[in-house]
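Novice: The structure file upload.pdb (PDB, C-alpha atoms) is provided below.
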```pdb
MODEL        1
ATOM      1  CA  MET A 667     -14.707  -9.280 -32.884
ATOM      2  CA  LYS A 668     -12.644 -12.099 -31.488
ATOM      3  CA  LYS A 669     -12.597 -12.143 -27.686
ATOM      4  CA  LEU A 670      -9.150 -11.482 -26.250
ATOM      5  CA  THR A 671      -7.590 -14.035 -23.954
ATOM      6  CA  TYR A 672      -4.854 -13.538 -21.377
ATOM      7  CA  ARG A 673      -2.281 -15.703 -19.642
ATOM      8  CA  ILE A 674      -0.969 -15.140 -16.116
ATOM      9  CA  ARG A 675       2.817 -15.080 -16.119
ATOM     10  CA  ASN A 676       3.350 -15.179 -12.343
ATOM     11  CA  TRP A 677       0.860 -17.877 -11.424
ATOM     12  CA  THR A 678       3.062 -19.421  -8.680
ATOM     13  CA  GLU A 679       3.479 -16.115  -6.821
ATOM     14  CA  TYR A 680      -0.132 -15.079  -7.368
ATOM     15  CA  ASN A 681      -1.423 -18.451  -6.175
ATOM     16  CA  ALA A 682       0.648 -18.082  -2.998
ATOM     17  CA  SER A 683      -0.738 -14.583  -2.389
ATOM     18  CA  LEU A 684      -4.320 -15.840  -2.696
ATOM     19  CA  LYS A 685      -3.661 -18.464  -0.038
ATOM     20  CA  LYS A 686      -2.120 -15.855   2.269
ATOM     21  CA  ARG A 687      -5.342 -13.825   2.132
ATOM     22  CA  GLY A 688      -7.179 -16.713   3.778
ATOM     23  CA  SER A 689      -4.507 -17.520   6.329
ATOM     24  CA  LEU A 690      -5.530 -17.493  10.007
ATOM     25  CA  THR A 691      -1.954 -16.947  11.179
ATOM     26  CA  ILE A 692      -1.943 -13.952  13.528
ATOM     27  CA  TRP A 693       1.215 -12.269  14.749
ATOM     28  CA  VAL A 694       1.156  -9.572  17.428
ATOM     29  CA  SER A 695       4.366  -7.553  17.639
ATOM     30  CA  PRO A 696       5.947  -6.684  21.002
ATOM     31  CA  GLU A 697       5.366  -3.000  20.184
ATOM     32  CA  ALA A 698       1.642  -3.673  19.709
ATOM     33  CA  VAL A 699       1.442  -5.518  23.040
ATOM     34  CA  LYS A 700       3.256  -2.655  24.781
ATOM     35  CA  ASN A 701       1.021  -0.002  23.194
ATOM     36  CA  TRP A 702      -2.309  -1.834  23.518
ATOM     37  CA  THR A 703      -3.462   0.240  26.494
ATOM     38  CA  THR A 704      -2.547   3.698  27.738
ATOM     39  CA  ASP A 705      -2.427   5.510  31.075
ATOM     40  CA  GLU A 706      -2.178   8.928  29.442
ATOM     41  CA  LEU A 707      -4.696  11.507  30.634
ATOM     42  CA  THR A 708      -6.357  13.567  27.932
ATOM     43  CA  GLY A 709      -7.531  16.418  30.157
ATOM     44  CA  ASP A 710     -10.951  16.304  28.515
ATOM     45  CA  PRO A 711     -14.166  15.906  30.514
ATOM     46  CA  GLY A 712     -14.968  12.302  31.375
ATOM     47  CA  ALA A 713     -12.721   9.300  31.745
ATOM     48  CA  SER A 714      -9.570   9.062  29.643
ATOM     49  CA  PRO A 715      -9.434   6.176  27.152
ATOM     50  CA  THR A 716      -8.034   2.855  28.283
ATOM     51  CA  TYR A 717      -7.193   1.529  24.808
ATOM     52  CA  THR A 718      -4.976   3.124  22.191
ATOM     53  CA  ASP A 719      -6.058   3.854  18.622
ATOM     54  CA  LEU A 720      -3.931   0.848  17.606
ATOM     55  CA  ALA A 721      -6.138  -1.474  19.684
ATOM     56  CA  ILE A 722      -9.359   0.010  18.282
ATOM     57  CA  GLU A 723      -8.104  -0.177  14.679
ATOM     58  CA  THR A 724      -6.974  -3.793  15.195
ATOM     59  CA  MET A 725     -10.407  -4.755  16.482
ATOM     60  CA  ALA A 726     -12.148  -2.882  13.639
ATOM     61  CA  THR A 727      -9.877  -4.618  11.111
ATOM     62  CA  VAL A 728     -10.729  -8.067  12.467
ATOM     63  CA  GLN A 729     -14.426  -7.188  12.341
ATOM     64  CA  ALA A 730     -14.180  -6.014   8.721
ATOM     65  CA  ILE A 731     -12.207  -9.013   7.451
ATOM     66  CA  TYR A 732     -14.353 -11.676   9.070
ATOM     67  CA  GLY A 733     -17.701  -9.863   8.811
ATOM     68  CA  LEU A 734     -18.472 -10.167  12.513
ATOM     69  CA  ALA A 735     -20.890  -8.241  14.699
ATOM     70  CA  GLY A 736     -19.459  -6.178  17.556
ATOM     71  CA  ARG A 737     -19.905  -8.704  20.354
ATOM     72  CA  GLN A 738     -18.717 -11.550  18.127
ATOM     73  CA  THR A 739     -15.586  -9.563  17.303
ATOM     74  CA  GLN A 740     -14.938  -9.044  21.004
ATOM     75  CA  GLY A 741     -15.277 -12.767  21.708
ATOM     76  CA  PHE A 742     -13.190 -13.793  18.700
ATOM     77  CA  LEU A 743     -10.288 -11.505  19.556
ATOM     78  CA  GLN A 744     -10.351 -12.519  23.232
ATOM     79  CA  SER A 745     -10.185 -16.191  22.209
ATOM     80  CA  VAL A 746      -7.202 -15.459  19.957
ATOM     81  CA  PHE A 747      -5.356 -13.739  22.806
ATOM     82  CA  GLU A 748      -6.072 -16.643  25.144
ATOM     83  CA  LEU A 749      -4.745 -19.148  22.600
ATOM     84  CA  MET A 750      -1.634 -16.988  22.151
ATOM     85  CA  LYS A 751      -1.298 -16.681  25.949
ATOM     86  CA  LEU A 752      -1.278 -12.898  25.733
ATOM     87  CA  ASP A 753      -2.357 -11.018  28.827
ATOM     88  CA  LEU A 754      -4.411  -8.462  26.896
ATOM     89  CA  THR A 755      -7.983  -7.395  27.386
ATOM     90  CA  VAL A 756     -10.267  -6.566  24.463
ATOM     91  CA  PRO A 757     -12.352  -3.393  24.073
ATOM     92  CA  ASP A 758     -16.062  -4.068  24.386
ATOM     93  CA  HIS A 759     -18.331  -3.541  21.400
ATOM     94  CA  SER A 760     -19.655  -0.189  22.643
ATOM     95  CA  THR A 761     -16.113   1.165  23.025
ATOM     96  CA  LEU A 762     -15.343   0.054  19.477
ATOM     97  CA  SER A 763     -18.447   1.829  18.175
ATOM     98  CA  ARG A 764     -17.668   5.025  20.090
ATOM     99  CA  ARG A 765     -13.953   5.196  19.250
ATOM    100  CA  ARG A 766     -14.080   4.073  15.611
ATOM    101  CA  ARG A 767     -15.266   7.468  14.381
ATOM    102  CA  GLN A 768     -12.142   9.103  15.874
ATOM    103  CA  LEU A 769      -9.653   6.895  14.029
ATOM    104  CA  THR A 770      -7.283   8.337  11.446
ATOM    105  CA  ILE A 771      -7.126   5.795   8.614
ATOM    106  CA  THR A 772      -4.060   5.914   6.355
ATOM    107  CA  LEU A 773      -4.072   4.055   3.053
ATOM    108  CA  PRO A 774      -0.890   1.951   2.714
ATOM    109  CA  VAL A 775       0.815   2.908  -0.572
ATOM    110  CA  LYS A 776       4.284   1.649  -1.469
ATOM    111  CA  ASP A 777       5.719   4.438  -3.639
ATOM    112  CA  TRP A 778       4.606   8.075  -3.793
ATOM    113  CA  SER A 779       7.539   9.317  -5.880
ATOM    114  CA  ARG A 780       6.519   8.487  -9.459
ATOM    115  CA  PRO A 781       3.919  10.154 -11.708
ATOM    116  CA  ARG A 782       0.575   8.355 -11.688
ATOM    117  CA  HIS A 783      -2.244   7.598 -14.092
ATOM    118  CA  LEU A 784      -5.302   7.580 -11.825
ATOM    119  CA  VAL A 785      -8.612   5.949 -12.691
ATOM    120  CA  ILE A 786     -11.755   6.985 -10.832
ATOM    121  CA  ASP A 787     -15.125   5.413 -10.142
ATOM    122  CA  SER A 788     -17.720   5.119  -7.377
ATOM    123  CA  THR A 789     -20.039   2.469  -5.975
ATOM    124  CA  GLY A 790     -22.927   2.238  -3.556
ATOM    125  CA  VAL A 791     -22.830   0.182  -0.365
ATOM    126  CA  LYS A 792     -26.125  -0.640   1.319
ATOM    127  CA  VAL A 793     -26.940   0.481   4.852
ATOM    128  CA  TYR A 794     -30.306  -1.198   5.095
ATOM    129  CA  GLY A 795     -33.153  -2.150   2.791
ATOM    130  CA  GLU A 796     -34.677  -5.000   0.881
ATOM    131  CA  GLY A 797     -32.579  -7.669  -0.758
ATOM    132  CA  GLU A 798     -32.106  -7.953  -4.492
ATOM    133  CA  TRP A 799     -34.659 -10.761  -4.857
ATOM    134  CA  LYS A 800     -37.409  -8.730  -3.193
ATOM    135  CA  VAL A 801     -36.604  -5.681  -5.308
ATOM    136  CA  ARG A 802     -36.743  -7.708  -8.516
ATOM    137  CA  GLN A 803     -40.066  -9.296  -7.564
ATOM    138  CA  HIS A 804     -41.871  -6.352  -5.977
ATOM    139  CA  GLY A 805     -39.915  -3.183  -6.773
ATOM    140  CA  VAL A 806     -37.912  -0.853  -4.582
ATOM    141  CA  GLY A 807     -39.447   0.039  -1.218
ATOM    142  CA  LYS A 808     -38.973   3.196   0.802
ATOM    143  CA  ARG A 809     -36.554   1.803   3.360
ATOM    144  CA  ARG A 810     -33.521   1.504   1.148
ATOM    145  CA  THR A 811     -30.460   3.614   1.976
ATOM    146  CA  TRP A 812     -26.937   3.604   0.566
ATOM    147  CA  ARG A 813     -23.588   5.221   1.160
ATOM    148  CA  LYS A 814     -21.253   6.006  -1.728
ATOM    149  CA  LEU A 815     -17.582   5.135  -1.885
ATOM    150  CA  HIS A 816     -15.530   7.108  -4.402
ATOM    151  CA  PHE A 817     -12.310   5.356  -5.511
ATOM    152  CA  CYS A 818      -9.119   6.837  -6.910
ATOM    153  CA  VAL A 819      -6.918   3.959  -8.131
ATOM    154  CA  ASP A 820      -3.401   3.773  -9.576
ATOM    155  CA  GLU A 821      -3.854   1.914 -12.861
ATOM    156  CA  ALA A 822      -0.304   0.516 -12.771
ATOM    157  CA  THR A 823      -0.339  -1.014  -9.268
ATOM    158  CA  LEU A 824      -4.100  -1.243  -8.526
ATOM    159  CA  GLU A 825      -3.450   0.502  -5.203
ATOM    160  CA  ILE A 826      -6.243   2.721  -3.914
ATOM    161  CA  ILE A 827      -4.605   6.133  -3.672
ATOM    162  CA  SER A 828      -7.493   7.966  -2.032
ATOM    163  CA  VAL A 829     -11.128   7.409  -1.121
ATOM    164  CA  VAL A 830     -14.055   9.621  -0.225
ATOM    165  CA  ALA A 831     -17.097   8.234   1.578
ATOM    166  CA  SER A 832     -20.329  10.174   1.214
ATOM    167  CA  THR A 833     -24.093   9.973   1.365
ATOM    168  CA  ASN A 834     -25.881   8.851  -1.772
ATOM    169  CA  ASP A 835     -26.892  12.407  -2.754
ATOM    170  CA  VAL A 836     -23.287  13.437  -3.494
ATOM    171  CA  SER A 837     -22.576  13.199  -7.214
ATOM    172  CA  ASP A 838     -19.414  11.703  -8.671
ATOM    173  CA  ALA A 839     -18.256  15.096  -9.927
ATOM    174  CA  GLU A 840     -18.671  16.707  -6.500
ATOM    175  CA  ALA A 841     -16.261  14.191  -4.953
ATOM    176  CA  ILE A 842     -13.389  14.905  -7.381
ATOM    177  CA  PRO A 843     -11.801  17.847  -5.449
ATOM    178  CA  ASP A 844     -11.710  15.881  -2.185
ATOM    179  CA  LEU A 845     -10.403  12.753  -3.941
ATOM    180  CA  LEU A 846      -7.394  14.566  -5.396
ATOM    181  CA  GLN A 847      -6.822  17.075  -2.609
ATOM    182  CA  ASP A 848      -4.348  15.047  -0.554
ATOM    183  CA  VAL A 849      -2.740  12.978  -3.304
ATOM    184  CA  PRO A 850       1.002  13.734  -3.069
ATOM    185  CA  GLY A 851       3.359  13.717  -6.014
ATOM    186  CA  GLU A 852       2.647  14.204  -9.689
ATOM    187  CA  ILE A 853      -0.638  13.171 -11.289
ATOM    188  CA  GLU A 854       0.041  12.476 -14.947
ATOM    189  CA  GLN A 855      -3.487  11.566 -16.097
ATOM    190  CA  VAL A 856      -6.951  11.024 -14.690
ATOM    191  CA  SER A 857      -9.397   8.760 -16.538
ATOM    192  CA  ALA A 858     -13.081   8.759 -15.627
ATOM    193  CA  ASP A 859     -16.385   8.006 -17.341
ATOM    194  CA  GLY A 860     -18.879  10.463 -18.818
ATOM    195  CA  ALA A 861     -20.450  11.253 -15.427
ATOM    196  CA  TYR A 862     -17.376  13.415 -14.745
ATOM    197  CA  ASP A 863     -17.814  15.475 -17.935
ATOM    198  CA  GLN A 864     -18.381  18.701 -16.012
ATOM    199  CA  ARG A 865     -16.475  21.977 -15.805
ATOM    200  CA  LYS A 866     -15.615  21.609 -12.122
ATOM    201  CA  CYS A 867     -13.929  18.269 -12.836
ATOM    202  CA  TYR A 868     -11.763  19.747 -15.582
ATOM    203  CA  ASP A 869     -10.951  22.759 -13.398
ATOM    204  CA  THR A 870      -9.802  20.462 -10.586
ATOM    205  CA  LEU A 871      -7.635  18.361 -12.925
ATOM    206  CA  ASN A 872      -6.150  21.518 -14.411
ATOM    207  CA  LYS A 873      -5.096  22.700 -10.922
ATOM    208  CA  HIS A 874      -3.236  19.421 -10.451
ATOM    209  CA  GLY A 875      -1.647  19.600 -13.915
ATOM    210  CA  ALA A 876      -3.254  16.299 -14.903
ATOM    211  CA  LYS A 877      -4.324  15.249 -18.386
ATOM    212  CA  ALA A 878      -8.078  14.604 -18.524
ATOM    213  CA  ALA A 879      -9.285  11.457 -20.295
ATOM    214  CA  ILE A 880     -13.017  11.937 -19.861
ATOM    215  CA  PRO A 881     -15.271  11.106 -22.829
ATOM    216  CA  PRO A 882     -17.702  13.954 -23.577
ATOM    217  CA  ARG A 883     -21.283  12.787 -23.393
ATOM    218  CA  LYS A 884     -23.143  11.922 -26.566
ATOM    219  CA  GLY A 885     -24.621  15.034 -28.121
ATOM    220  CA  ALA A 886     -21.962  17.209 -26.449
ATOM    221  CA  LYS A 887     -21.176  20.593 -27.962
ATOM    222  CA  ILE A 888     -18.070  22.752 -27.985
ATOM    223  CA  TRP A 889     -17.836  24.901 -24.863
ATOM    224  CA  GLN A 890     -15.411  27.439 -26.259
ATOM    225  CA  HIS A 891     -15.553  28.697 -29.844
ATOM    226  CA  ALA A 892     -12.481  28.514 -32.050
ATOM    227  CA  ASN A 893     -12.371  32.316 -32.541
ATOM    228  CA  SER A 894     -11.985  32.885 -28.802
ATOM    229  CA  LYS A 895      -8.654  34.357 -27.712
ATOM    230  CA  ALA A 896      -8.494  32.080 -24.681
ATOM    231  CA  GLU A 897      -6.572  28.824 -24.788
ATOM    232  CA  ARG A 898      -8.654  25.950 -26.113
ATOM    233  CA  HIS A 899     -10.292  23.865 -23.436
ATOM    234  CA  VAL A 900      -8.969  20.292 -23.136
ATOM    235  CA  ARG A 901     -12.511  18.963 -23.165
ATOM    236  CA  ASP A 902     -13.176  20.663 -26.499
ATOM    237  CA  GLU A 903      -9.979  19.214 -27.913
ATOM    238  CA  ASN A 904     -11.113  15.742 -26.846
ATOM    239  CA  LEU A 905     -14.474  16.321 -28.500
ATOM    240  CA  ARG A 906     -12.882  17.535 -31.744
ATOM    241  CA  ARG A 907     -10.613  14.492 -31.814
ATOM    242  CA  ILE A 908     -13.578  12.167 -31.248
ATOM    243  CA  ARG A 909     -15.431  13.795 -34.136
ATOM    244  CA  LYS A 910     -12.391  13.281 -36.342
ATOM    245  CA  VAL A 911     -11.310   9.703 -35.532
ATOM    246  CA  GLY A 912     -14.315   8.280 -33.661
ATOM    247  CA  ARG A 913     -14.896   7.529 -30.000
ATOM    248  CA  LYS A 914     -13.323   4.084 -30.135
ATOM    249  CA  GLU A 915     -10.038   5.328 -31.593
ATOM    250  CA  TRP A 916      -9.928   8.268 -29.166
ATOM    251  CA  LYS A 917     -10.239   5.873 -26.219
ATOM    252  CA  ARG A 918      -7.328   3.846 -27.578
ATOM    253  CA  GLU A 919      -5.177   6.929 -28.182
ATOM    254  CA  SER A 920      -5.858   8.424 -24.756
ATOM    255  CA  ASN A 921      -5.370   5.121 -22.887
ATOM    256  CA  TYR A 922      -8.893   5.582 -21.548
ATOM    257  CA  HIS A 923      -9.577   1.832 -21.404
ATOM    258  CA  ARG A 924      -7.428   1.599 -18.274
ATOM    259  CA  ARG A 925     -10.371   3.219 -16.472
ATOM    260  CA  SER A 926     -12.020  -0.202 -16.284
ATOM    261  CA  LEU A 927      -9.483  -1.102 -13.581
ATOM    262  CA  ALA A 928     -11.432   1.154 -11.208
ATOM    263  CA  GLU A 929     -14.435  -1.102 -11.809
ATOM    264  CA  THR A 930     -12.164  -4.062 -11.077
ATOM    265  CA  GLN A 931     -11.423  -2.573  -7.668
ATOM    266  CA  VAL A 932     -15.136  -2.070  -7.020
ATOM    267  CA  PHE A 933     -15.677  -5.758  -7.855
ATOM    268  CA  ARG A 934     -12.841  -6.827  -5.541
ATOM    269  CA  PHE A 935     -14.160  -4.642  -2.727
ATOM    270  CA  LYS A 936     -17.650  -6.129  -2.876
ATOM    271  CA  THR A 937     -16.395  -9.676  -3.378
ATOM    272  CA  ILE A 938     -14.273  -9.475  -0.218
ATOM    273  CA  PHE A 939     -16.450  -7.302   2.030
ATOM    274  CA  GLY A 940     -19.927  -7.668   0.522
ATOM    275  CA  ASP A 941     -22.288  -4.861  -0.437
ATOM    276  CA  ARG A 942     -23.649  -4.043   3.033
ATOM    277  CA  LEU A 943     -22.239  -1.948   5.873
ATOM    278  CA  GLN A 944     -21.928  -3.398   9.377
ATOM    279  CA  THR A 945     -22.132  -0.131  11.328
ATOM    280  CA  ARG A 946     -25.192   2.079  11.778
ATOM    281  CA  GLN A 947     -23.927   5.558  12.670
ATOM    282  CA  ILE A 948     -22.927   7.590   9.630
ATOM    283  CA  ASP A 949     -19.480   8.625  10.963
ATOM    284  CA  ASN A 950     -18.691   4.997  11.732
ATOM    285  CA  GLN A 951     -19.896   3.988   8.269
ATOM    286  CA  PHE A 952     -17.470   6.393   6.616
ATOM    287  CA  LYS A 953     -14.596   5.066   8.756
ATOM    288  CA  GLU A 954     -15.628   1.499   7.976
ATOM    289  CA  LEU A 955     -15.423   2.179   4.236
ATOM    290  CA  MET A 956     -12.013   3.823   4.558
ATOM    291  CA  LEU A 957     -10.663   0.998   6.736
ATOM    292  CA  LYS A 958     -11.846  -1.634   4.252
ATOM    293  CA  SER A 959     -10.094   0.283   1.459
ATOM    294  CA  ALA A 960      -6.864   0.199   3.487
ATOM    295  CA  ILE A 961      -7.280  -3.564   4.019
ATOM    296  CA  LEU A 962      -7.806  -4.031   0.277
ATOM    297  CA  ASN A 963      -4.495  -2.261  -0.381
ATOM    298  CA  GLN A 964      -2.738  -4.625   2.024
ATOM    299  CA  MET A 965      -4.211  -7.589   0.146
ATOM    300  CA  THR A 966      -3.038  -6.044  -3.125
ATOM    301  CA  HIS A 967       0.489  -5.836  -1.725
ATOM    302  CA  LEU A 968       0.464  -9.592  -1.107
ATOM    303  CA  GLY A 969       0.532 -10.120  -4.875
ATOM    304  CA  MET A 970      -1.489  -9.492  -8.016
ATOM    305  CA  PRO A 971      -1.638 -11.365 -11.330
ATOM    306  CA  ASP A 972       0.745 -10.328 -14.095
ATOM    307  CA  SER A 973      -1.345 -11.078 -17.188
ATOM    308  CA  VAL A 974      -0.287 -10.859 -20.844
ATOM    309  CA  LYS A 975      -2.410 -10.862 -23.963
ATOM    310  CA  VAL A 976      -1.991 -14.068 -25.974
ATOM    311  CA  ASN A 977      -4.039 -13.124 -29.042
ATOM    312  CA  GLY A 978      -5.430 -10.098 -30.851
TER     313      GLY A 978
ENDMDL
END
```
Output the file's structure as structure tokens, nothing else.
Specialist:
Amino acid sequence: MKKLTYRIRNWTEYNASLKKRGSLTIWVSPEAVKNWTTDELTGDPGASPTYTDLAIETMATVQAIYGLAGRQTQGFLQSVFELMKLDLTVPDHSTLSRRRRQLTITLPVKDWSRPRHLVIDSTGVKVYGEGEWKVRQHGVGKRRTWRKLHFCVDEATLEIISVVASTNDVSDAEAIPDLLQDVPGEIEQVSADGAYDQRKCYDTLNKHGAKAAIPPRKGAKIWQHANSKAERHVRDENLRRIRKVGRKEWKRESNYHRRSLAETQVFRFKTIFGDRLQTRQIDNQFKELMLKSAILNQMTHLGMPDSVKVNG
């Protein structure tokens, strides 16, 4: 088959957005300066916090973008404030570590009103362990631990709609209910690979009224016989259609190929932030993954390529 080629129609705008992602221009709003610290008493045992959640999230964002350690982040941000002549102190690295786990991270999404075709995938991010060269040469050792990040992406805008961070023993199918639980608005379709070909996934999509584009695994059999009085299961209908027209044609008909855009987001995530976590405590690791997903959405909003097929 001839390889398809594409042309970017908005190269000028996309080129400008790529340059913005590397810009060192920092702007601190008057509201942020005013709300950097707080005198409010919590009433809880121990000292009340000096810094607001805004200050902690700002520091965590700088750390994630520039890949800095805690103390380096503290020094970097203090230098920025001095250059800007802002009379602001910076939380120390231990405060950042302690407060990060309490942050509420919200994914920036532009429009919640329209129906969405969601594509789902997951990836592993390393906590610690041998590098890829050592693994290839000598095999996998015992000290090798990962966290999983489960993505739910809008195929039209490439925005991350929801994420779930988990340990590496949580399967893709187990994360589906939590991924879709807080997604507002109408979900038109969900496309996922064969790892999600499980009853609990279909049950979850059915509760949300979403069409399931999940290819049954090879060797799959009908779950519900044709003589049953119950309504035919959507998974069985997919399997019957595949048997009739072939897997390739079914993927084209169901628009399943858009699922690859979830893999595109995984690639973007690891290209920008790497494949290793900076934090060591598991609660902080989950918050780190969610914060990086929110940052990726903000970079998406700067501009994405508008590509068109030029052959095939």
Novice: Might I get the box with edges along x, y and z of the file that holds all atoms of stretch 942-955 of chain A listed there, padded by 6 Å on every side, given as centre and edge lengths in Å to one decimal, as JSON?
Specialist:
```
{"center_x": -19.9, "center_y": 2.3, "center_z": 7.9, "size_x": 22.6, "size_y": 24.7, "size_z": 21.6}
```
Novice: Write out as a short mmCIF file (atom, residue, chain, number, x, y, z; two decimals) with C-alpha atoms, in the frame of the given file which residues come within 8 Å of stretch 960-964 of chain A when counting only C-alpha atoms, dropping same-chain ones fewer than 6 positions away.
Specialist:
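Output saved as out_11.cif:
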```cif
data_model
loop_
_atom_site.label_atom_id
_atom_site.label_comp_id
_atom_site.auth_asym_id
_atom_site.auth_seq_id
_atom_site.Cartn_x
_atom_site.Cartn_y
_atom_site.Cartn_z
CA THR A 727 -9.88 -4.62 11.11
CA ILE A 771 -7.13 5.80 8.61
CA THR A 772 -4.06 5.91 6.36
CA LEU A 773 -4.07 4.06 3.05
CA PRO A 774 -0.89 1.95 2.71
CA VAL A 775 0.82 2.91 -0.57
CA GLU A 825 -3.45 0.50 -5.20
CA ILE A 826 -6.24 2.72 -3.91
CA PHE A 935 -14.16 -4.64 -2.73
#
```
Novice: Hey, what comes out of the PyMOL selection byres ((chain A and resi 676) around 8) on this file? Could you write it as a PyMOL selection string?
Specialist: chain A and resi 674-675+677-680+971-973
Novice: For the file shown, report as a PyMOL selection string the outcome of the PyMOL selection byres ((chain A and resi 742) around 12) at residue level.
Specialist: chain A and resi 725+728-729+732-741+743-749+755-759
Novice: Let me make sure I understand: among A:Glu854, A:Glu954, A:Glu821, A:Asp787, which one has the smallest atom-to-atom distance to A:Ser837 if we use all atoms listed in the file?
Specialist: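 The answer is A:Asp787, which sits nearest to A:Ser837.
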Novice: Kindly give the distance, in Å, that separates atom CA of A:Thr671 and atom CA of A:Ser857, rounded to a single decimal.
Specialist: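 Computing it gives 24.0 Å between the two atoms.
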Novice: Near stretch 914-917 of chain A, counting all atoms listed in the file, which residues have an atom at most 12 Å away, once you skip same-chain residues fewer than 4 positions from it, shown as a PDB file with C-alpha atoms, keeping the file's coordinate frame?
Specialist:
```
ATOM      1  CA  SER A 857      -9.397   8.760 -16.538  1.00  0.00           C
ATOM      2  CA  ALA A 858     -13.081   8.759 -15.627  1.00  0.00           C
ATOM      3  CA  ASP A 859     -16.385   8.006 -17.341  1.00  0.00           C
ATOM      4  CA  ALA A 878      -8.078  14.604 -18.524  1.00  0.00           C
ATOM      5  CA  ALA A 879      -9.285  11.457 -20.295  1.00  0.00           C
ATOM      6  CA  ILE A 880     -13.017  11.937 -19.861  1.00  0.00           C
ATOM      7  CA  PRO A 881     -15.271  11.106 -22.829  1.00  0.00           C
ATOM      8  CA  PRO A 882     -17.702  13.954 -23.577  1.00  0.00           C
ATOM      9  CA  GLU A 903      -9.979  19.214 -27.913  1.00  0.00           C
ATOM     10  CA  ASN A 904     -11.113  15.742 -26.846  1.00  0.00           C
ATOM     11  CA  LEU A 905     -14.474  16.321 -28.500  1.00  0.00           C
ATOM     12  CA  ARG A 906     -12.882  17.535 -31.744  1.00  0.00           C
ATOM     13  CA  ARG A 907     -10.613  14.492 -31.814  1.00  0.00           C
ATOM     14  CA  ILE A 908     -13.578  12.167 -31.248  1.00  0.00           C
ATOM     15  CA  ARG A 909     -15.431  13.795 -34.136  1.00  0.00           C
ATOM     16  CA  LYS A 910     -12.391  13.281 -36.342  1.00  0.00           C
ATOM     17  CA  ASN A 921      -5.370   5.121 -22.887  1.00  0.00           C
ATOM     18  CA  TYR A 922      -8.893   5.582 -21.548  1.00  0.00           C
ATOM     19  CA  HIS A 923      -9.577   1.832 -21.404  1.00  0.00           C
ATOM     20  CA  ARG A 924      -7.428   1.599 -18.274  1.00  0.00           C
ATOM     21  CA  ARG A 925     -10.371   3.219 -16.472  1.00  0.00           C
ATOM     22  CA  SER A 926     -12.020  -0.202 -16.284  1.00  0.00           C
TER      23      SER A 926
END
```
Novice: Which of these, A:Ser920, A:Thr789, A:Thr823, A:Ser689, has the shortest distance to A:Ile731 once you count only C-alpha atoms?
Specialist: A:Ser689
Novice: Limit the output to C-alpha atoms and give stretch 672-704 of chain A as a PDB file, in the first residue's frame.
Specialist:
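Listed below is the output, part-v6.pdb:
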```pdb
ATOM      1  CA  TYR A 672      -0.197  14.987   4.793  1.00  0.00           C
ATOM      2  CA  ARG A 673       0.226  18.734   4.473  1.00  0.00           C
ATOM      3  CA  ILE A 674      -0.156  21.228   7.319  1.00  0.00           C
ATOM      4  CA  ARG A 675      -2.564  23.981   6.338  1.00  0.00           C
ATOM      5  CA  ASN A 676      -1.909  26.328   9.272  1.00  0.00           C
ATOM      6  CA  TRP A 677       1.872  26.184   9.363  1.00  0.00           C
ATOM      7  CA  THR A 678       2.310  29.889  10.285  1.00  0.00           C
ATOM      8  CA  GLU A 679       0.043  29.643  13.345  1.00  0.00           C
ATOM      9  CA  TYR A 680       1.395  26.245  14.367  1.00  0.00           C
ATOM     10  CA  ASN A 681       4.994  27.425  14.033  1.00  0.00           C
ATOM     11  CA  ALA A 682       4.198  30.388  16.292  1.00  0.00           C
ATOM     12  CA  SER A 683       2.611  28.096  18.894  1.00  0.00           C
ATOM     13  CA  LEU A 684       5.705  25.878  18.974  1.00  0.00           C
ATOM     14  CA  LYS A 685       7.887  28.894  19.703  1.00  0.00           C
ATOM     15  CA  LYS A 686       5.547  30.015  22.490  1.00  0.00           C
ATOM     16  CA  ARG A 687       6.016  26.661  24.238  1.00  0.00           C
ATOM     17  CA  GLY A 688       9.706  27.450  24.664  1.00  0.00           C
ATOM     18  CA  SER A 689       9.256  31.069  25.664  1.00  0.00           C
ATOM     19  CA  LEU A 690      10.765  32.168  28.994  1.00  0.00           C
ATOM     20  CA  THR A 691       8.412  35.141  29.280  1.00  0.00           C
ATOM     21  CA  ILE A 692       6.749  34.985  32.700  1.00  0.00           C
ATOM     22  CA  TRP A 693       3.824  37.162  33.700  1.00  0.00           C
ATOM     23  CA  VAL A 694       2.505  37.257  37.265  1.00  0.00           C
ATOM     24  CA  SER A 695      -0.945  38.809  37.580  1.00  0.00           C
ATOM     25  CA  PRO A 696      -1.763  41.281  40.371  1.00  0.00           C
ATOM     26  CA  GLU A 697      -4.336  38.776  41.669  1.00  0.00           C
ATOM     27  CA  ALA A 698      -1.627  36.103  41.936  1.00  0.00           C
ATOM     28  CA  VAL A 699       0.676  38.477  43.835  1.00  0.00           C
ATOM     29  CA  LYS A 700      -2.162  39.398  46.206  1.00  0.00           C
ATOM     30  CA  ASN A 701      -3.122  35.753  46.799  1.00  0.00           C
ATOM     31  CA  TRP A 702       0.395  34.299  47.050  1.00  0.00           C
ATOM     32  CA  THR A 703       0.294  34.022  50.845  1.00  0.00           C
ATOM     33  CA  THR A 704      -2.544  33.761  53.339  1.00  0.00           C
TER      34      THR A 704
END
```
